[in-house]
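Reproduced below: start.txt, with compact mmCIF, C-alpha atoms.
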```
# COMPACT_ATOMS: atom_id res chain seq x y z
CA MET I 2 126.24 187.96 124.78
CA GLU I 3 123.78 185.29 123.66
CA VAL I 4 120.12 185.79 124.55
CA GLU I 5 118.21 182.59 125.33
CA ALA I 6 115.18 182.24 123.06
CA LYS I 7 111.89 182.31 124.92
CA GLU I 8 109.69 179.24 124.52
CA THR I 9 106.46 179.80 122.65
CA LYS I 10 103.09 178.87 124.11
CA ALA I 11 102.82 176.02 121.56
CA GLU I 12 106.22 174.57 122.54
CA ILE I 13 105.31 174.63 126.23
CA LEU I 14 102.07 172.76 125.52
CA GLN I 15 103.87 170.21 123.34
CA ARG I 16 106.16 169.33 126.24
CA LYS I 17 103.16 169.19 128.55
CA LEU I 18 101.35 166.80 126.18
CA GLU I 19 104.36 164.47 126.26
CA ASP I 20 104.37 164.56 130.07
CA ILE I 21 100.62 163.80 130.20
CA LYS I 22 101.09 160.88 127.80
CA ALA I 23 103.67 159.41 130.20
CA LEU I 24 101.30 160.11 133.13
CA GLN I 25 98.56 157.99 131.48
CA GLU I 26 100.44 154.83 132.46
CA THR I 27 100.39 155.62 136.19
CA ASN I 28 97.50 158.02 136.86
CA LEU I 29 94.82 157.98 134.17
CA THR I 30 92.35 160.16 136.11
CA GLU I 31 94.91 162.95 136.48
CA ALA I 32 95.89 162.61 132.80
CA VAL I 33 92.23 163.11 131.78
CA LYS I 34 92.05 166.27 133.94
CA GLN I 35 95.25 167.63 132.39
CA TYR I 36 93.99 167.00 128.83
CA LYS I 37 90.74 168.81 129.63
CA LYS I 38 92.74 171.71 131.07
CA ILE I 39 94.66 172.09 127.80
CA ILE I 40 91.46 171.92 125.73
CA GLU I 41 89.84 174.62 127.90
CA THR I 42 92.88 176.94 127.57
CA VAL I 43 91.89 180.33 126.14
CA ASP I 44 93.56 180.88 122.75
CA GLU I 45 92.37 184.16 121.23
CA GLU I 46 95.32 184.39 118.81
CA GLN I 47 94.92 180.80 117.51
CA GLU I 48 98.47 179.87 118.57
CA ILE I 49 97.78 176.44 120.06
CA VAL I 50 95.04 175.00 117.82
CA ASN I 51 97.20 171.99 116.86
CA GLU I 52 98.10 171.25 120.50
CA LYS I 53 94.45 171.49 121.60
CA THR I 54 93.48 169.21 118.70
CA ALA I 55 96.11 166.65 119.78
CA ALA I 56 94.68 166.77 123.34
CA ILE I 57 91.15 166.21 121.97
CA TYR I 58 92.29 163.14 120.01
CA ALA I 59 94.26 161.76 122.97
CA LEU I 60 91.33 162.13 125.38
CA GLY I 61 88.95 160.60 122.82
CA GLU I 62 91.29 157.60 122.47
CA ILE I 63 91.32 157.13 126.27
CA TYR I 64 87.52 157.04 126.45
CA ALA I 65 87.37 154.63 123.49
CA GLU I 66 89.97 152.25 124.95
CA LYS I 67 88.09 152.12 128.25
CA GLY I 68 84.70 151.71 126.52
CA ARG I 69 83.32 154.88 128.15
CA HIS I 70 80.96 155.71 125.30
CA GLN I 71 78.76 158.11 127.29
CA ASP I 72 81.79 160.09 128.48
CA LEU I 73 83.07 160.24 124.89
CA ARG I 74 79.70 161.46 123.60
CA ASN I 75 79.48 164.16 126.30
CA PHE I 76 83.10 165.16 125.66
CA ILE I 77 82.44 165.71 121.92
CA VAL I 78 79.38 167.84 122.77
CA ASP I 79 81.42 169.87 125.29
CA THR I 80 84.06 170.49 122.60
CA ARG I 81 81.60 172.37 120.35
CA PRO I 82 82.53 175.83 121.72
CA PHE I 83 86.10 175.17 120.55
CA PHE I 84 84.76 174.33 117.06
CA SER I 85 83.21 177.79 116.80
CA THR I 86 86.68 179.39 117.16
CA ILE I 87 88.43 177.49 114.34
CA ALA I 88 87.93 177.09 110.58
CA LYS I 89 84.94 175.03 109.45
CA ALA I 90 87.12 172.68 107.40
CA LYS I 91 89.29 172.03 110.49
CA THR I 92 86.13 171.35 112.53
CA ALA I 93 84.95 168.81 109.95
CA LYS I 94 88.33 167.04 110.08
CA ILE I 95 88.38 166.87 113.90
CA LEU I 96 84.76 165.68 114.18
CA LYS I 97 85.33 163.02 111.50
CA GLU I 98 88.31 161.68 113.47
CA LEU I 99 86.31 161.73 116.72
CA LEU I 100 83.53 159.74 115.04
CA ASN I 101 86.18 157.24 113.88
CA ILE I 102 87.40 156.98 117.49
CA PHE I 103 83.78 156.49 118.65
CA ALA I 104 83.46 153.62 116.14
CA GLN I 105 86.32 151.77 117.91
CA ILE I 106 83.96 151.00 120.82
CA PRO I 107 82.15 147.74 119.94
CA ASN I 108 78.34 147.44 119.86
CA THR I 109 77.70 151.19 119.90
CA GLU I 110 76.19 151.58 116.42
CA GLU I 111 72.84 152.75 117.78
CA LEU I 112 74.49 155.27 120.12
CA GLN I 113 76.65 156.55 117.27
CA ALA I 114 73.57 156.93 115.03
CA ASP I 115 71.72 158.91 117.73
CA PHE I 116 74.76 161.12 118.23
CA CYS I 117 75.03 161.72 114.46
CA LYS I 118 71.37 162.79 114.37
CA GLU I 119 72.00 165.25 117.24
CA THR I 120 75.09 166.58 115.47
CA ILE I 121 73.13 167.09 112.22
CA GLN I 122 70.60 169.20 114.14
CA TRP I 123 73.46 171.22 115.64
CA CYS I 124 74.96 171.72 112.17
CA GLU I 125 71.62 172.99 110.83
CA LYS I 126 71.33 175.41 113.76
CA GLU I 127 74.90 176.68 113.26
CA GLY I 128 74.62 176.80 109.46
CA ARG I 129 77.41 174.27 108.89
CA SER I 130 76.23 172.55 105.70
CA PHE I 131 79.75 171.25 104.86
CA LEU I 132 80.00 169.41 108.18
CA LYS I 133 76.34 168.32 108.09
CA GLN I 134 76.83 166.43 104.81
CA ARG I 135 79.82 164.53 106.22
CA VAL I 136 77.92 163.53 109.34
CA GLN I 137 74.98 162.43 107.15
CA ALA I 138 77.40 160.24 105.18
CA ARG I 139 78.57 158.64 108.43
CA LEU I 140 74.95 158.20 109.58
CA SER I 141 74.04 156.37 106.35
CA SER I 142 76.97 153.97 106.92
CA LEU I 143 75.77 153.31 110.47
CA LEU I 144 72.21 152.67 109.27
CA LEU I 145 73.65 150.16 106.79
CA GLU I 146 75.52 148.38 109.62
CA MET I 147 72.29 148.34 111.66
CA LYS I 148 70.49 146.82 108.61
CA GLN I 149 68.06 149.75 108.38
CA TYR I 150 68.36 149.67 104.59
CA LYS I 151 65.27 151.73 103.74
CA ASP I 152 66.30 154.67 105.95
CA ALA I 153 69.91 154.41 104.75
CA LEU I 154 68.89 154.46 101.07
CA THR I 155 66.50 157.39 101.56
CA LEU I 156 69.20 159.43 103.32
CA ILE I 157 71.99 158.59 100.88
CA SER I 158 69.86 159.25 97.76
CA LYS I 159 69.03 162.77 99.02
CA LEU I 160 72.65 163.34 100.02
CA VAL I 161 73.94 162.36 96.55
CA LYS I 162 71.68 165.01 94.95
CA ASP I 163 72.80 167.71 97.44
CA VAL I 164 76.52 166.93 97.01
CA LYS I 165 76.26 166.93 93.20
CA LYS I 166 74.98 170.52 93.38
CA ILE I 167 78.07 171.74 95.26
CA ASP I 168 80.39 169.47 93.21
CA ASP I 169 82.35 168.10 96.19
CA LYS I 170 84.08 165.22 94.40
CA ILE I 171 85.77 163.64 97.45
CA LEU I 172 82.52 163.46 99.40
CA LEU I 173 80.70 162.26 96.27
CA VAL I 174 83.13 159.34 95.98
CA GLU I 175 82.62 158.42 99.65
CA ILE I 176 78.81 158.49 99.54
CA SER I 177 78.67 156.70 96.17
CA ILE I 178 80.63 153.82 97.72
CA VAL I 179 78.18 153.73 100.66
CA GLU I 180 75.25 153.81 98.22
CA SER I 181 76.79 150.87 96.33
CA ARG I 182 77.07 148.90 99.58
CA ILE I 183 73.43 149.60 100.46
CA HIS I 184 72.22 148.40 97.03
CA LEU I 185 74.39 145.29 97.37
CA ALA I 186 72.91 144.57 100.81
CA LEU I 187 69.48 144.75 99.13
CA LYS I 188 70.76 142.26 96.48
CA ASN I 189 70.40 144.87 93.72
CA VAL I 190 73.72 144.21 91.97
CA PRO I 191 73.03 146.35 88.82
CA LYS I 192 72.37 149.47 90.94
CA ALA I 193 75.35 148.64 93.18
CA LYS I 194 77.57 148.55 90.08
CA GLY I 195 76.02 151.82 88.85
CA SER I 196 76.84 153.60 92.13
CA LEU I 197 80.39 152.23 92.05
CA THR I 198 80.82 153.48 88.47
CA ALA I 199 79.71 156.94 89.69
CA ALA I 200 82.33 156.73 92.46
CA ARG I 201 85.05 155.82 89.93
CA SER I 202 84.03 158.68 87.60
CA ALA I 203 84.21 161.21 90.44
CA ALA I 204 87.56 159.76 91.61
CA ASN I 205 89.06 160.07 88.11
CA ALA I 206 88.28 163.80 88.05
CA ILE I 207 90.39 164.55 91.15
CA TYR I 208 93.41 163.36 93.11
CA CYS I 209 92.00 160.40 95.01
CA PRO I 210 93.78 159.56 98.30
CA PRO I 211 95.14 155.97 98.46
CA SER I 212 92.76 155.05 101.30
CA LEU I 213 89.71 156.20 99.31
CA GLN I 214 90.92 154.41 96.16
CA ALA I 215 91.34 151.29 98.30
CA GLU I 216 87.67 151.62 99.37
CA ILE I 217 86.69 151.60 95.67
CA ASP I 218 88.91 148.54 95.10
CA ILE I 219 87.45 146.52 97.97
CA GLN I 220 83.87 147.25 96.85
CA SER I 221 84.82 146.32 93.25
CA GLY I 222 86.23 143.02 94.54
CA VAL I 223 83.05 142.29 96.50
CA LEU I 224 80.86 142.92 93.43
CA CYS I 225 83.08 140.69 91.25
CA SER I 226 82.79 137.95 93.89
CA GLU I 227 79.00 138.25 93.85
CA GLU I 228 79.11 137.55 90.11
CA GLY I 229 81.48 134.60 90.56
CA ASP I 230 84.52 136.32 89.03
CA PHE I 231 86.89 135.46 91.87
CA LYS I 232 90.08 135.91 89.83
CA THR I 233 89.32 139.59 89.14
CA ALA I 234 88.07 139.98 92.71
CA TYR I 235 91.45 138.81 94.04
CA SER I 236 93.22 141.52 91.98
CA TYR I 237 90.95 144.21 93.44
CA PHE I 238 91.40 142.95 97.00
CA PHE I 239 95.17 142.90 96.50
CA GLU I 240 95.12 146.53 95.30
CA GLY I 241 92.90 147.45 98.25
CA PHE I 242 95.28 145.72 100.67
CA GLU I 243 98.26 147.66 99.28
CA GLY I 244 96.31 150.95 99.48
CA PHE I 245 95.21 150.48 103.09
CA ASP I 246 98.65 149.21 104.11
CA THR I 247 100.25 152.34 102.61
CA SER I 248 97.69 154.51 104.44
CA LYS I 249 98.43 152.65 107.70
CA ASN I 250 94.76 151.62 107.98
CA TYR I 251 95.64 148.15 109.24
CA VAL I 252 92.06 147.19 110.18
CA LYS I 253 90.85 147.63 106.60
CA ALA I 254 94.05 146.07 105.22
CA LYS I 255 93.40 142.99 107.35
CA GLN I 256 89.86 142.83 105.96
CA CYS I 257 91.26 142.85 102.40
CA LEU I 258 93.75 140.12 103.36
CA LYS I 259 90.90 137.91 104.65
CA TYR I 260 88.96 138.47 101.42
CA MET I 261 92.07 137.62 99.35
CA LEU I 262 92.39 134.32 101.21
CA MET I 263 88.67 133.59 100.89
CA VAL I 264 88.54 134.02 97.10
CA LYS I 265 91.59 131.78 96.74
CA ILE I 266 89.70 129.04 98.58
CA MET I 267 86.61 129.68 96.41
CA THR I 268 88.72 129.05 93.28
CA ASN I 269 90.08 125.77 94.72
CA ASN I 270 93.54 127.29 95.18
CA SER I 271 93.88 126.42 98.87
CA ALA I 272 97.64 125.92 98.41
CA ASP I 273 98.01 129.65 97.60
CA VAL I 274 96.45 130.52 100.95
CA TYR I 275 99.52 129.29 102.84
CA SER I 276 101.95 131.29 100.69
CA ILE I 277 99.87 134.47 101.13
CA ILE I 278 99.73 133.95 104.90
CA ASN I 279 103.50 133.35 105.02
CA THR I 280 104.18 136.61 103.13
CA LYS I 281 101.40 139.08 103.97
CA GLY I 282 99.92 137.42 107.06
CA ALA I 283 103.29 136.89 108.74
CA ASN I 284 103.32 140.57 109.75
CA GLU I 285 102.22 140.93 113.37
CA LYS I 286 99.78 143.67 112.30
CA TYR I 287 97.72 141.09 110.39
CA ALA I 288 98.35 137.86 112.28
CA GLY I 289 95.58 136.77 114.61
CA VAL I 290 92.55 134.58 115.13
CA GLU I 291 90.74 135.85 112.00
CA VAL I 292 93.55 134.83 109.64
CA GLU I 293 93.95 131.58 111.60
CA ALA I 294 90.24 130.84 111.03
CA ILE I 295 90.59 131.29 107.23
CA LYS I 296 93.67 129.02 107.28
CA SER I 297 91.64 126.32 109.09
CA ILE I 298 88.92 126.64 106.42
CA ALA I 299 91.57 126.14 103.75
CA ASP I 300 92.80 123.00 105.55
CA ALA I 301 89.26 121.55 105.70
CA HIS I 302 88.60 122.43 102.06
CA LYS I 303 91.88 120.86 100.95
CA GLU I 304 90.93 117.59 102.69
CA ARG I 305 87.36 117.79 101.26
CA SER I 306 86.13 117.01 104.77
CA ILE I 307 82.57 118.19 105.44
CA HIS I 308 82.89 117.32 109.15
CA LYS I 309 86.16 119.16 109.63
CA PHE I 310 84.59 122.11 107.80
CA ALA I 311 81.64 122.07 110.24
CA ASP I 312 84.03 121.87 113.21
CA VAL I 313 85.97 124.93 111.97
CA LYS I 314 82.73 126.88 111.52
CA LYS I 315 81.67 126.01 115.06
CA LYS I 316 85.07 126.77 116.59
CA TYR I 317 85.44 130.18 114.92
CA GLU I 318 81.73 131.07 114.73
CA ALA I 319 82.15 134.40 116.54
CA VAL I 320 84.92 135.49 114.16
CA LEU I 321 83.45 134.20 110.90
CA SER I 322 79.82 135.24 111.38
CA LYS I 323 80.49 138.94 112.02
CA ASP I 324 81.69 139.53 108.42
CA TRP I 325 78.80 139.02 105.97
CA PHE I 326 81.15 138.50 102.98
CA ILE I 327 83.07 135.68 104.68
CA SER I 328 79.87 134.19 106.12
CA SER I 329 77.95 134.09 102.81
CA HIS I 330 80.84 132.60 100.81
CA LEU I 331 81.52 130.14 103.60
CA ASN I 332 77.96 128.83 103.29
CA ALA I 333 78.38 128.52 99.50
CA LEU I 334 81.67 126.69 100.03
CA GLU I 335 80.11 124.27 102.53
CA ASP I 336 77.21 123.63 100.12
CA ASN I 337 79.61 122.86 97.23
CA LEU I 338 81.64 120.57 99.47
CA LEU I 339 78.51 118.65 100.48
CA VAL I 340 77.48 118.27 96.82
CA GLN I 341 80.94 116.99 95.84
CA ASN I 342 80.96 114.47 98.71
CA LEU I 343 77.48 113.18 97.83
CA ILE I 344 78.35 112.79 94.13
CA ARG I 345 81.52 110.86 95.06
CA ILE I 346 79.52 108.49 97.33
CA ILE I 347 76.67 107.95 94.83
CA GLU I 348 78.95 107.42 91.81
CA PRO I 349 79.24 103.55 92.10
CA PHE I 350 75.47 103.04 92.48
CA SER I 351 72.54 102.93 90.08
CA ARG I 352 70.07 102.47 92.97
CA VAL I 353 70.86 103.13 96.62
CA GLU I 354 68.97 103.66 99.86
CA ILE I 355 69.04 107.27 101.09
CA GLU I 356 69.64 105.97 104.62
CA HIS I 357 72.76 104.14 103.41
CA VAL I 358 74.07 107.35 101.77
CA ALA I 359 73.42 109.20 105.05
CA LYS I 360 75.44 106.57 106.96
CA LEU I 361 78.35 106.76 104.51
CA ILE I 362 78.55 110.56 104.72
CA ASP I 363 77.69 110.52 108.46
CA LEU I 364 74.94 113.14 108.29
CA PRO I 365 71.23 113.08 109.31
CA LYS I 366 68.98 111.33 106.77
CA GLU I 367 66.63 114.36 106.52
CA GLN I 368 69.53 116.68 105.59
CA VAL I 369 70.86 114.22 102.97
CA GLU I 370 67.40 113.66 101.48
CA ALA I 371 66.73 117.41 101.23
CA LYS I 372 70.10 117.98 99.57
CA LEU I 373 69.65 115.12 97.08
CA SER I 374 66.21 116.47 96.17
CA GLU I 375 67.73 119.91 95.59
CA MET I 376 70.51 118.41 93.43
CA VAL I 377 67.95 116.58 91.26
CA LEU I 378 65.88 119.74 90.78
CA GLU I 379 68.98 121.79 89.91
CA LYS I 380 70.07 119.01 87.48
CA LYS I 381 73.33 118.46 89.33
CA LEU I 382 72.26 114.83 89.63
CA ASN I 383 70.58 112.78 86.89
CA GLY I 384 68.07 110.67 88.81
CA ILE I 385 64.91 110.59 90.94
CA LEU I 386 64.01 110.04 94.60
CA ASP I 387 61.62 107.14 95.20
CA GLN I 388 59.85 108.34 98.35
CA GLY I 389 57.92 105.07 98.75
CA SER I 390 60.96 102.83 99.02
CA GLY I 391 63.32 105.52 100.32
CA ASN I 392 65.73 104.96 97.43
CA LEU I 393 67.69 107.16 95.09
CA ILE I 394 67.58 105.94 91.50
CA VAL I 395 70.48 107.23 89.43
CA PHE I 396 70.14 107.27 85.64
CA GLU I 397 73.05 106.63 83.32
CA GLU I 398 74.42 109.63 81.55
CA VAL I 399 73.18 109.31 77.96
CA SER I 400 75.60 110.79 75.46
CA GLU I 401 73.95 113.31 73.18
CA ASP I 402 73.22 112.00 69.68
CA LYS I 403 74.43 114.75 67.37
CA THR I 404 72.95 113.05 64.26
CA PHE I 405 69.41 114.11 65.16
CA LYS I 406 70.44 117.76 65.66
CA ALA I 407 72.46 117.74 62.42
CA GLY I 408 69.44 116.28 60.54
CA LEU I 409 67.15 119.03 61.86
CA ASP I 410 69.68 121.73 60.88
CA THR I 411 69.93 120.26 57.35
CA ILE I 412 66.13 120.18 56.92
CA GLN I 413 65.93 123.80 58.12
CA GLU I 414 68.59 124.92 55.63
CA LEU I 415 66.80 123.04 52.79
CA GLY I 416 63.56 124.79 53.77
CA ASN I 417 65.32 128.17 53.51
CA VAL I 418 66.65 127.27 50.03
CA VAL I 419 63.18 126.16 48.82
CA ASP I 420 61.63 129.41 50.15
CA LYS I 421 64.19 131.51 48.24
CA LEU I 422 63.67 129.51 45.02
CA GLN I 423 59.91 129.94 45.33
CA ALA I 424 60.31 133.70 45.79
CA LYS I 425 62.52 133.92 42.67
CA ALA I 426 60.00 131.87 40.64
CA GLN I 427 57.13 134.14 41.66
CA ARG I 428 59.13 137.25 40.61
CA ALA I 429 59.97 135.63 37.23
CA MET I 430 56.29 134.81 36.56
CA ALA I 431 55.08 138.29 37.52
```
Using structure tokens, write down the structure that the file contains.
Amino acid sequence: MEVEAKETKAEILQRKLEDIKALQETNLTEAVKQYKKIIETVDEEQEIVNEKTAAIYALGEIYAEKGRHQDLRNFIVDTRPFFSTIAKAKTAKILKELLNIFAQIPNTEELQADFCKETIQWCEKEGRSFLKQRVQARLSSLLLEMKQYKDALTLISKLVKDVKKIDDKILLVEISIVESRIHLALKNVPKAKGSLTAARSAANAIYCPPSLQAEIDIQSGVLCSEEGDFKTAYSYFFEGFEGFDTSKNYVKAKQCLKYMLMVKIMTNNSADVYSIINTKGANEKYAGVEVEAIKSIADAHKERSIHKFADVKKKYEAVLSKDWFISSHLNALEDNLLVQNLIRIIEPFSRVEIEHVAKLIDLPKEQVEAKLSEMVLEKKLNGILDQGSGNLIVFEEVSEDKTFKAGLDTIQELGNVVDKLQAKAQRAMA
């Protein structure tokens, strides 16, 4: 006679979690109550830790989707008694994921920072140094997003010293990347590169997860772009895209895809943008208004149209301005396009009215005059502005006469020979 196996407590809760997930579609309030009931279930023998963790994540996702940031914050605080019953490493993992869920709610950076500060105090009270350091790392990232660079740098510098003492390589990689970003935001590229080198060194000493390696790659690409090495930057962004795609972090993968497209435009390879969009961007995970905006930029750049470029910037301002990398390179691209258009218009003239140039390019006279003045000072244009008459006087490019330089080099070499002969004569007479 066969005896029917009795369901375990974990199996019962797994079925219940599936039922609650289905209930979310029809009765969200009841689903929230049921999730809370599972989380509050007494579990002295640690049988249903995974099921309770799944309920915590699910409830956190509900609050994030509905934008209920205060409810989410209170929920995380109320979950602390559960944290005291499980391993500290498990607690750190759950809290890290909850902070990631919190970050999904837009415009809550300040609330997240305040919550991180409260959590750090709780960690100090409970003696959870491992968790405290991870929350401090998250806080430094939030301070960077809020542009509180001084506070972020002070916190991260102290954190780097503390983590080096315990030799936690994974955390050291994470905070070194954040430190590199802070230095870059402060326009200190040498220190940003130094922090990134430290991150690479720590990553080489351990098994580095693909998502973390992708973070190193994207920061490497950004630093190469800052130095104008867009070809190498594209390689790093491509590696980062593959890493995030493998890790199923589609938000970060999409960011890498945008950066890949941007550096292609910066290297005047707008044609490659379309092929990348057709291959990588065709996936529904990455298609959207952000990729469409970059494609429109490529179209305007291909046509060398300063007005179409301005129209694209205005149309997609909300999308383009929220990413500092895209925004800064977009401004550089627009500036280069304006310079190229002005040079093309001025080319037939030796003397031309600034007002006439402004009419031809269809821009305000003051903007054109300021740009021409800048071009003269930067020696992009060989000429002068006659403020009295309002004219631009363009000088002819004089080819360099190499005879004069060759004559000077010959005289210098003869002088060296005479000096050596004199020295030999003095030694012979001595």
Using all atoms listed in the file: which of I:Ser306, I:Glu318, I:Arg129, I:Val395 has the shortest distance to Pro349 in chain I: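 Of I:Ser306, I:Glu318, I:Arg129, I:Val395, the one nearest Pro349 in chain I is I:Val395, counting all atoms listed in the file.
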Using only C-alpha atoms, which residues sit within 12 Å of Ala199 in chain I once same-chain residues fewer than 3 positions away are excluded, as a PDB file with C-alpha atoms, in the frame of the given file?
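Dumped everything to result.pdb:
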```
ATOM      1  CA  VAL I 161      73.940 162.360  96.550  1.00  0.00           C
ATOM      2  CA  LYS I 165      76.260 166.930  93.200  1.00  0.00           C
ATOM      3  CA  LYS I 170      84.080 165.220  94.400  1.00  0.00           C
ATOM      4  CA  ILE I 171      85.770 163.640  97.450  1.00  0.00           C
ATOM      5  CA  LEU I 173      80.700 162.260  96.270  1.00  0.00           C
ATOM      6  CA  VAL I 174      83.130 159.340  95.980  1.00  0.00           C
ATOM      7  CA  GLU I 175      82.620 158.420  99.650  1.00  0.00           C
ATOM      8  CA  ILE I 176      78.810 158.490  99.540  1.00  0.00           C
ATOM      9  CA  SER I 177      78.670 156.700  96.170  1.00  0.00           C
ATOM     10  CA  ILE I 178      80.630 153.820  97.720  1.00  0.00           C
ATOM     11  CA  VAL I 179      78.180 153.730 100.660  1.00  0.00           C
ATOM     12  CA  GLU I 180      75.250 153.810  98.220  1.00  0.00           C
ATOM     13  CA  SER I 181      76.790 150.870  96.330  1.00  0.00           C
ATOM     14  CA  LYS I 192      72.370 149.470  90.940  1.00  0.00           C
ATOM     15  CA  ALA I 193      75.350 148.640  93.180  1.00  0.00           C
ATOM     16  CA  LYS I 194      77.570 148.550  90.080  1.00  0.00           C
ATOM     17  CA  GLY I 195      76.020 151.820  88.850  1.00  0.00           C
ATOM     18  CA  SER I 196      76.840 153.600  92.130  1.00  0.00           C
ATOM     19  CA  SER I 202      84.030 158.680  87.600  1.00  0.00           C
ATOM     20  CA  ALA I 203      84.210 161.210  90.440  1.00  0.00           C
ATOM     21  CA  ALA I 204      87.560 159.760  91.610  1.00  0.00           C
ATOM     22  CA  ASN I 205      89.060 160.070  88.110  1.00  0.00           C
ATOM     23  CA  ALA I 206      88.280 163.800  88.050  1.00  0.00           C
ATOM     24  CA  ILE I 217      86.690 151.600  95.670  1.00  0.00           C
TER      25      ILE I 217
END
```
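Interatomic distance, CA of Leu160 in chain I to CA of Asn108 in chain I: 26.1 Å.
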Residue among I:Val223, I:Cys257, I:Leu145, I:Leu112 lying closest to Phe326 in chain I, counting only C-alpha atoms: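 Result for the nearest residue to Phe326 in chain I: I:Val223.
Proximity to Lys91 in chain I was assessed for I:Leu132, I:Asp168, I:Ile412, I:Val313 counting all atoms listed in the file; the smallest distance is recorded for I:Leu132.
Using all atoms listed in the file, the protein and nucleic acid residues lying no more than 12 Å from Ile277 in chain I, apart from those fewer than 2 places from it along its own chain, are Tyr235, Phe239, Leu258, Lys259, Tyr260, Met261, Leu262, Met263, Lys265, Ile266, Asn270, Ser271, Ala272, Asp273, Val274, Tyr275, Asn279, Thr280, Lys281, Gly282, Ala283, Asn284, Tyr287, Ala288, Val292, Ile295 and Lys296 of chain I.
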Measure the distance from CA of Lys316 in chain I to CA of Asp363 in chain I in Å and round it to one decimal.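 Taking CA of Lys316 in chain I as the start and CA of Asp363 in chain I as the end point, the length is 19.6 Å.
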Shortest interatomic distance to Ser351 in chain I - which of I:Asp420, I:Glu398, I:Asp324, I:Glu111, counting only C-alpha atoms: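 The closest residue to Ser351 in chain I is I:Glu398.
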Edge lengths and centre, in Å to one decimal, as lines of an AutoDock Vina configuration file: that's what I need for the box along x, y and z that holds all listed atoms of range 80-86 of chain I plus 6 Å on each side.
```
center_x = 84.1
center_y = 174.9
center_z = 119.7
size_x = 17.1
size_y = 20.9
size_z = 17.8
```
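Put simply, CA of Arg69 in chain I is 16.5 Å away from CA of Ala114 in chain I.
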Which neighbours of Lys94 in chain I fall inside 12 Å, counting all atoms listed in the file, when residues of the same chain fewer than 5 positions from it are skipped, and could you give them as a PyMOL selection string? chain I and resi 54+58+84+87-89+99-101+131-132+135-136
Put those residues in a file: C-alpha atoms, as a CSV table (one decimal), in the coordinates of the input.
```
chain,number,residue,atom,x,y,z
I,54,THR,CA,93.5,169.2,118.7
I,58,TYR,CA,92.3,163.1,120.0
I,84,PHE,CA,84.8,174.3,117.1
I,87,ILE,CA,88.4,177.5,114.3
I,88,ALA,CA,87.9,177.1,110.6
I,89,LYS,CA,84.9,175.0,109.4
I,99,LEU,CA,86.3,161.7,116.7
I,100,LEU,CA,83.5,159.7,115.0
I,101,ASN,CA,86.2,157.2,113.9
I,131,PHE,CA,79.8,171.2,104.9
I,132,LEU,CA,80.0,169.4,108.2
I,135,ARG,CA,79.8,164.5,106.2
I,136,VAL,CA,77.9,163.5,109.3
```
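Distance cut-off 7 Å, centre (96.0, 170.1, 124.7), atoms counted all atoms listed in the file; the residues meeting this are Leu14, Leu18, Tyr36, Ile39, Ile40, Glu52, Lys53, Thr54, Ala55, Ala56 and Ile57 of chain I.
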Could you check the closest approach to Tyr237 in chain I for each of I:Glu375, I:Glu26, I:Glu216, I:Glu370 and tell me which residue wins, using all atoms listed in the file? I:Glu216
Around the point (75.9, 156.3, 120.4) (coordinates from the file), which residues reach within 10 Å if we count all atoms listed in the file? Answer as an mmCIF file with C-alpha atoms, in the coordinates of the input.
```cif
data_model
loop_
_atom_site.group_PDB
_atom_site.id
_atom_site.type_symbol
_atom_site.label_atom_id
_atom_site.label_comp_id
_atom_site.auth_asym_id
_atom_site.auth_seq_id
_atom_site.Cartn_x
_atom_site.Cartn_y
_atom_site.Cartn_z
ATOM 1 C CA HIS I 70 80.960 155.710 125.300
ATOM 2 C CA GLN I 71 78.760 158.110 127.290
ATOM 3 C CA LEU I 73 83.070 160.240 124.890
ATOM 4 C CA ARG I 74 79.700 161.460 123.600
ATOM 5 C CA LEU I 100 83.530 159.740 115.040
ATOM 6 C CA PHE I 103 83.780 156.490 118.650
ATOM 7 C CA ALA I 104 83.460 153.620 116.140
ATOM 8 C CA ILE I 106 83.960 151.000 120.820
ATOM 9 C CA ASN I 108 78.340 147.440 119.860
ATOM 10 C CA THR I 109 77.700 151.190 119.900
ATOM 11 C CA GLU I 110 76.190 151.580 116.420
ATOM 12 C CA GLU I 111 72.840 152.750 117.780
ATOM 13 C CA LEU I 112 74.490 155.270 120.120
ATOM 14 C CA GLN I 113 76.650 156.550 117.270
ATOM 15 C CA ALA I 114 73.570 156.930 115.030
ATOM 16 C CA ASP I 115 71.720 158.910 117.730
ATOM 17 C CA PHE I 116 74.760 161.120 118.230
ATOM 18 C CA CYS I 117 75.030 161.720 114.460
ATOM 19 C CA LYS I 118 71.370 162.790 114.370
#
```
Contacts of Ser142 in chain I at 9 Å or less, counting all atoms listed in the file, minus same-chain residues fewer than 2 places along, as a PyMOL selection string? chain I and resi 137-140+144-147+153+176+179-180+182-183
Store the residues picked out above, limited to C-alpha atoms, as an mmCIF file, in the coordinates of the input.
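Written output follows (part_4.cif):
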```cif
data_model
loop_
_atom_site.group_PDB
_atom_site.id
_atom_site.type_symbol
_atom_site.label_atom_id
_atom_site.label_comp_id
_atom_site.auth_asym_id
_atom_site.auth_seq_id
_atom_site.Cartn_x
_atom_site.Cartn_y
_atom_site.Cartn_z
ATOM 1 C CA GLN I 137 74.980 162.430 107.150
ATOM 2 C CA ALA I 138 77.400 160.240 105.180
ATOM 3 C CA ARG I 139 78.570 158.640 108.430
ATOM 4 C CA LEU I 140 74.950 158.200 109.580
ATOM 5 C CA LEU I 144 72.210 152.670 109.270
ATOM 6 C CA LEU I 145 73.650 150.160 106.790
ATOM 7 C CA GLU I 146 75.520 148.380 109.620
ATOM 8 C CA MET I 147 72.290 148.340 111.660
ATOM 9 C CA ALA I 153 69.910 154.410 104.750
ATOM 10 C CA ILE I 176 78.810 158.490 99.540
ATOM 11 C CA VAL I 179 78.180 153.730 100.660
ATOM 12 C CA GLU I 180 75.250 153.810 98.220
ATOM 13 C CA ARG I 182 77.070 148.900 99.580
ATOM 14 C CA ILE I 183 73.430 149.600 100.460
#
```
